[in-house]
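Working notes for the structure below.
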Amino acid sequence: MSGGLIEIVSGGPGCTVQDPGRFGHRHEGVAQAGWLVPPWADAANALVGNPVDAAGLEWRGPGLVLLVVRGPVRMAVAGAVRVEVSRGGGPVRSLGAWCSATLAEGDRLHLGAAAEGWACLALGGGVQVPPVLGSRSTHVRTRFGGLDGRMLAPGDRLSCLRRGDVGTGEHRAPAPLALPTGPIRVLWGPQDDHFTAPARARLLDTDWQVTAEQDRMGMRLAGPPLAHAHAAAADIVSDAVVPGAVQVPANGLPVVLLADGQTVGGYPKIATVIRADLPRLALMPAGRTLRFEAVDAPTARQALRATQADWQAWVASLVPHRPAGWLDEGALYHDNLVSGMLRAEP
Amino acid sequence: MNTGQENHRPQASLLPQGDAAWTVEFGAGIDPVLHARVLALAERVRARRDVEPVLASVRDVVPTFRSLTVLFDPLHTDADALGRRLLDLSAAGGSSVHAGRRWRLPVCFAAEYAPDLAALSAACGLAEAAVVQRLTSTPFRVGMIGFMPGFPYMTGLPPALALPRLATPRKAVPARSLAVAGAMCCVYPWESPGGWRLLGRTPLPLFDLQRADEPAWLAAGDEVHWQAVDRATHDRLAADWARGSGSREAFLVPAEGVPCPVV
């Protein structure tokens, strides 16, 4: 079966292949990697009829132009970005995010800069790179996964499946998948006792500014330094860390770990961002300010269940769709009308 | 680092790392007794993962010097029940000793592989041969793997060789460098930045994707004995590995006093 094939024509820095991530090898020092905004990746995959573990592209910063070398290829984008397609030297037509479309051979897909953090592109059948330790996710620091463990560059080619081999029919979402709003919620610990009481209060009372020092590994926040209880409390015997950990080195400024974060660390962790809010944090661009709110474990669980319910409602809201003024691929490829592999789970 | 009573807590502490991980902390310091408790708990969790439903959604079990962190799928886990079970398991029969594997691993101390050996020797007031002798006559214990894939943090460095990290870290430490800092010894599996002092190089890759079931060569609890090899032996072993004809198992110490069969 010769599948679809796309080529990067321009752009690529900040763009990697991702999937849900690499699990089961943290004790060997292997980071999780995986989507920074899993709900959006799940949304893009749902729109093209992929299972949730399908690999796709995630990017930030400059946009991308992709060429369909072999098609047709079904695609969908989730994120706050411009999505346009040009065919055969014809005009560039806007498709927009949050809907699927089928591209033919020779089509060019123009993806805008992800001004608001990150965006995700799903391709029908998923990006077919070899899994490394059970995941296709790129971890640039250790050169695992994706294309040789690196960011994409012009000339790179990625294969996926042809349309017809995966779910059928175009879909669109009446509205983007909403993420929770309000302060970024954290659970205290595991080393909140390494900080003075005023420092703990200050974590919650401060408008923290997201700095430009951020990547898939973590983000530094600017604000008033958080004082450790005593000088020795700023250094701990290295122990395990997880995505969402709010580490505070001796300079008192928080660093929040994200998906690519290392597996162990030697800084005390005053708090940990809850799962429901980690994608929203990862989306925040430099200059944005945020507040933290401490919650208890039941609240964290409720928040996660609420995001799952939001997801299910969003999937249920998808409607069949033919991109306006675009292709009548249905007639061209004799679609049957059974909607393919839409999954109700995130 | 705290010392004294804080180092040994009779009761383990259950600490949340967000809503998707628990850390069971046994104390604050680096201590063989704490480490044995960590490894015993890790062994119990791994052994029961397939039989106890409350442990079924555990994704990762990460032992460190003084704590065990368990990551789970929060949507499919009763987190409180899991936490209680981890505490139960940590209290049960704390004396169980983890039987780590024993390795005899080659290391070459040739000058081009050991850029900090001369300076460390001078700073410690020992001849280079005496430094090498001390490194190769003492067992090292793997406390944890982390920082980068396969990177072992090993205790057991003789106190006479203890120096702080370099004031200015190197931007690129060559892959497979054996390095020391403080009371620890490590190997950098890949080229990376690093501030530890480089004393030699092993021909073996400590992380190998060909072994997808267990890509990291060493695991927490393993014992490592360094065996000095000359430049020619180092290069031959490195070439064997590059050809794919090396075998990890050949470096296991079968019994006390048996020399490494490959070297």
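Convention: chains lettered A, B, ... in structure tokens order; per-chain residue numbering from 1; ligands numbered from 1 as shown.
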
Excluding same-chain residues fewer than 6 positions from Pro130 (chain A), what lies within 10 Å of it counting only C-alpha atoms, as number ranges by chain? A: 136-137, 145-148

Could you please select, counting only C-alpha atoms, the residues of chain B within 8 Å of chain A and state them as an NGL selection string? :B and (1-2 or 15-21 or 23 or 28-30 or 59-69 or 74-75 or 144-151 or 209 or 212 or 215-216 or 219)

Residues near region 76-93 of chain B, anyone? I mean within 9 Å using only C-alpha atoms, not counting same-chain ones fewer than 6 positions away, as a list in words. Gln11, Ala12, Ser13, Leu14, Leu15, Pro16, Asp19, Ala20, Ala21, Trp22, Thr23, Val24, Phe26, Arg37, Val38, Ala40, Leu41, Arg44, Val45, Val54, Leu55, Ala56, Ser57, Val58 and Val70 of chain B

Which residue out of B:Gly27, B:Pro164, B:Pro158, B:Gly143 has the minimum interatomic distance to Trp196 (chain B) when only C-alpha atoms are used? B:Pro164

Do a neighbour search on Tyr188 (chain B) at 8 Å with only C-alpha atoms, toss out local chain neighbours closer than 5 positions, and write the hits as a ChimeraX atom specification. /B:151,173-179

Find the residues near Gly12 (chain A): any atom within 9 Å, counting only C-alpha atoms, skip ones fewer than 6 places away on the same chain, and give them as a PyMOL selection string. chain A and resi 59+62-65+151-154

Nearest residue to Cys186 (chain B) out of B:Ala99, B:Ala160, B:Met154, B:Ala172, using only C-alpha atoms?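 So, comparing all the options, the nearest one is B:Met154.
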
Give me, as a ChimeraX atom specification, all polymer residues having an atom no more than 9 Å from Arg87 (chain A), counting only C-alpha atoms and skipping those fewer than 4 positions away in the same chain. /A:91-93,103-108

What's the separation between CA of Leu221 (chain A) and CA of Gly287 (chain A), in Å to one decimal place? 9.7 Å

Closest of B:Pro32, B:Pro189, B:Gly200, B:Pro159 to Ala118 (chain B) - atom-to-atom distances counting only C-alpha atoms: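 Closest residue, counting only C-alpha atoms: B:Gly200.
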
Extract, using only C-alpha atoms, all DNA, RNA and protein residues at most 7 Å from Arg104 (chain B), discarding same-chain residues fewer than 5 positions from it, and format them as a PDB file with all heavy atoms, in the first residue's frame.
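Written output follows (part.pdb):
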```pdb
ATOM      1  N   VAL B 224      28.819  -1.796  40.448  1.00  0.00           N
ATOM      2  CA  VAL B 224      29.757  -1.670  39.332  1.00  0.00           C
ATOM      3  C   VAL B 224      31.186  -1.700  39.851  1.00  0.00           C
ATOM      4  O   VAL B 224      31.542  -0.966  40.774  1.00  0.00           O
ATOM      5  CB  VAL B 224      29.523  -0.357  38.558  1.00  0.00           C
ATOM      6  CG1 VAL B 224      30.609  -0.146  37.499  1.00  0.00           C
ATOM      7  CG2 VAL B 224      28.144  -0.364  37.904  1.00  0.00           C
ATOM      8  N   HIS B 225      31.990  -2.587  39.275  1.00  0.00           N
ATOM      9  CA  HIS B 225      33.427  -2.631  39.548  1.00  0.00           C
ATOM     10  C   HIS B 225      34.132  -2.197  38.271  1.00  0.00           C
ATOM     11  O   HIS B 225      33.935  -2.827  37.223  1.00  0.00           O
ATOM     12  CB  HIS B 225      33.875  -4.056  39.918  1.00  0.00           C
ATOM     13  CG  HIS B 225      33.176  -4.609  41.120  1.00  0.00           C
ATOM     14  ND1 HIS B 225      33.786  -4.736  42.343  1.00  0.00           N
ATOM     15  CD2 HIS B 225      31.894  -5.019  41.280  1.00  0.00           C
ATOM     16  CE1 HIS B 225      32.910  -5.220  43.220  1.00  0.00           C
ATOM     17  NE2 HIS B 225      31.760  -5.407  42.593  1.00  0.00           N
ATOM     18  N   TRP B 226      34.916  -1.146  38.368  1.00  0.00           N
ATOM     19  CA  TRP B 226      35.637  -0.680  37.182  1.00  0.00           C
ATOM     20  C   TRP B 226      36.916  -1.484  37.016  1.00  0.00           C
ATOM     21  O   TRP B 226      37.636  -1.729  37.985  1.00  0.00           O
ATOM     22  CB  TRP B 226      35.964   0.801  37.296  1.00  0.00           C
ATOM     23  CG  TRP B 226      34.736   1.664  37.265  1.00  0.00           C
ATOM     24  CD1 TRP B 226      34.234   2.408  38.288  1.00  0.00           C
ATOM     25  CD2 TRP B 226      33.847   1.853  36.149  1.00  0.00           C
ATOM     26  NE1 TRP B 226      33.080   3.059  37.886  1.00  0.00           N
ATOM     27  CE2 TRP B 226      32.822   2.739  36.583  1.00  0.00           C
ATOM     28  CE3 TRP B 226      33.814   1.368  34.839  1.00  0.00           C
ATOM     29  CZ2 TRP B 226      31.787   3.136  35.748  1.00  0.00           C
ATOM     30  CZ3 TRP B 226      32.776   1.775  34.011  1.00  0.00           C
ATOM     31  CH2 TRP B 226      31.781   2.643  34.465  1.00  0.00           C
ATOM     32  N   GLN B 227      37.168  -1.876  35.793  1.00  0.00           N
ATOM     33  CA  GLN B 227      38.385  -2.624  35.498  1.00  0.00           C
ATOM     34  C   GLN B 227      39.201  -1.848  34.468  1.00  0.00           C
ATOM     35  O   GLN B 227      38.711  -1.550  33.375  1.00  0.00           O
ATOM     36  CB  GLN B 227      38.038  -4.010  34.942  1.00  0.00           C
ATOM     37  CG  GLN B 227      39.270  -4.828  34.629  1.00  0.00           C
ATOM     38  CD  GLN B 227      38.952  -6.290  34.395  1.00  0.00           C
ATOM     39  OE1 GLN B 227      37.803  -6.645  34.147  1.00  0.00           O
ATOM     40  NE2 GLN B 227      39.960  -7.133  34.469  1.00  0.00           N
ATOM     41  N   PHE B 251      29.625  -9.109  30.759  1.00  0.00           N
ATOM     42  CA  PHE B 251      30.240  -8.248  31.763  1.00  0.00           C
ATOM     43  C   PHE B 251      29.636  -8.438  33.150  1.00  0.00           C
ATOM     44  O   PHE B 251      29.965  -7.714  34.078  1.00  0.00           O
ATOM     45  CB  PHE B 251      30.151  -6.785  31.321  1.00  0.00           C
ATOM     46  CG  PHE B 251      30.940  -6.523  30.070  1.00  0.00           C
ATOM     47  CD1 PHE B 251      30.348  -6.639  28.817  1.00  0.00           C
ATOM     48  CD2 PHE B 251      32.292  -6.199  30.143  1.00  0.00           C
ATOM     49  CE1 PHE B 251      31.079  -6.410  27.661  1.00  0.00           C
ATOM     50  CE2 PHE B 251      33.030  -5.976  28.994  1.00  0.00           C
ATOM     51  CZ  PHE B 251      32.426  -6.086  27.747  1.00  0.00           C
ATOM     52  N   LEU B 252      28.701  -9.378  33.264  1.00  0.00           N
ATOM     53  CA  LEU B 252      28.176  -9.702  34.591  1.00  0.00           C
ATOM     54  C   LEU B 252      29.251 -10.425  35.380  1.00  0.00           C
ATOM     55  O   LEU B 252      29.997 -11.241  34.830  1.00  0.00           O
ATOM     56  CB  LEU B 252      26.949 -10.609  34.458  1.00  0.00           C
ATOM     57  CG  LEU B 252      25.610  -9.924  34.206  1.00  0.00           C
ATOM     58  CD1 LEU B 252      24.549 -10.969  33.907  1.00  0.00           C
ATOM     59  CD2 LEU B 252      25.199  -9.066  35.395  1.00  0.00           C
ATOM     60  N   VAL B 253      29.330 -10.131  36.653  1.00  0.00           N
ATOM     61  CA  VAL B 253      30.277 -10.856  37.497  1.00  0.00           C
ATOM     62  C   VAL B 253      29.589 -12.135  37.935  1.00  0.00           C
ATOM     63  O   VAL B 253      28.579 -12.085  38.642  1.00  0.00           O
ATOM     64  CB  VAL B 253      30.666 -10.013  38.728  1.00  0.00           C
ATOM     65  CG1 VAL B 253      31.625 -10.796  39.610  1.00  0.00           C
ATOM     66  CG2 VAL B 253      31.287  -8.703  38.281  1.00  0.00           C
ATOM     67  N   CYS B 260      36.663 -10.566  34.726  1.00  0.00           N
ATOM     68  CA  CYS B 260      35.799 -10.285  33.586  1.00  0.00           C
ATOM     69  C   CYS B 260      36.248 -11.144  32.415  1.00  0.00           C
ATOM     70  O   CYS B 260      37.413 -11.102  32.017  1.00  0.00           O
ATOM     71  CB  CYS B 260      35.891  -8.812  33.238  1.00  0.00           C
ATOM     72  SG  CYS B 260      34.956  -8.383  31.802  1.00  0.00           S
TER      73      CYS B 260
END
```

Helix (DSSP H, G or I) residues, from DSSP on the backbone, in region 1-131 of chain B, as JSON, numbers by chain: {"B": [4, 5, 6, 7, 32, 33, 34, 35, 36, 37, 38, 39, 40, 41, 42, 43, 44, 45, 46, 47, 48, 53, 54, 55, 74, 75, 76, 79, 80, 81, 82, 83, 84, 85, 86, 87, 88, 89, 90, 91, 111, 112, 113, 117, 118, 119, 120, 121, 122, 123, 124, 128, 129, 130, 131]}

What's the separation between CA of Ala313 (chain A) and CA of Cys99 (chain A), in Å to one decimal place? 16.2 Å
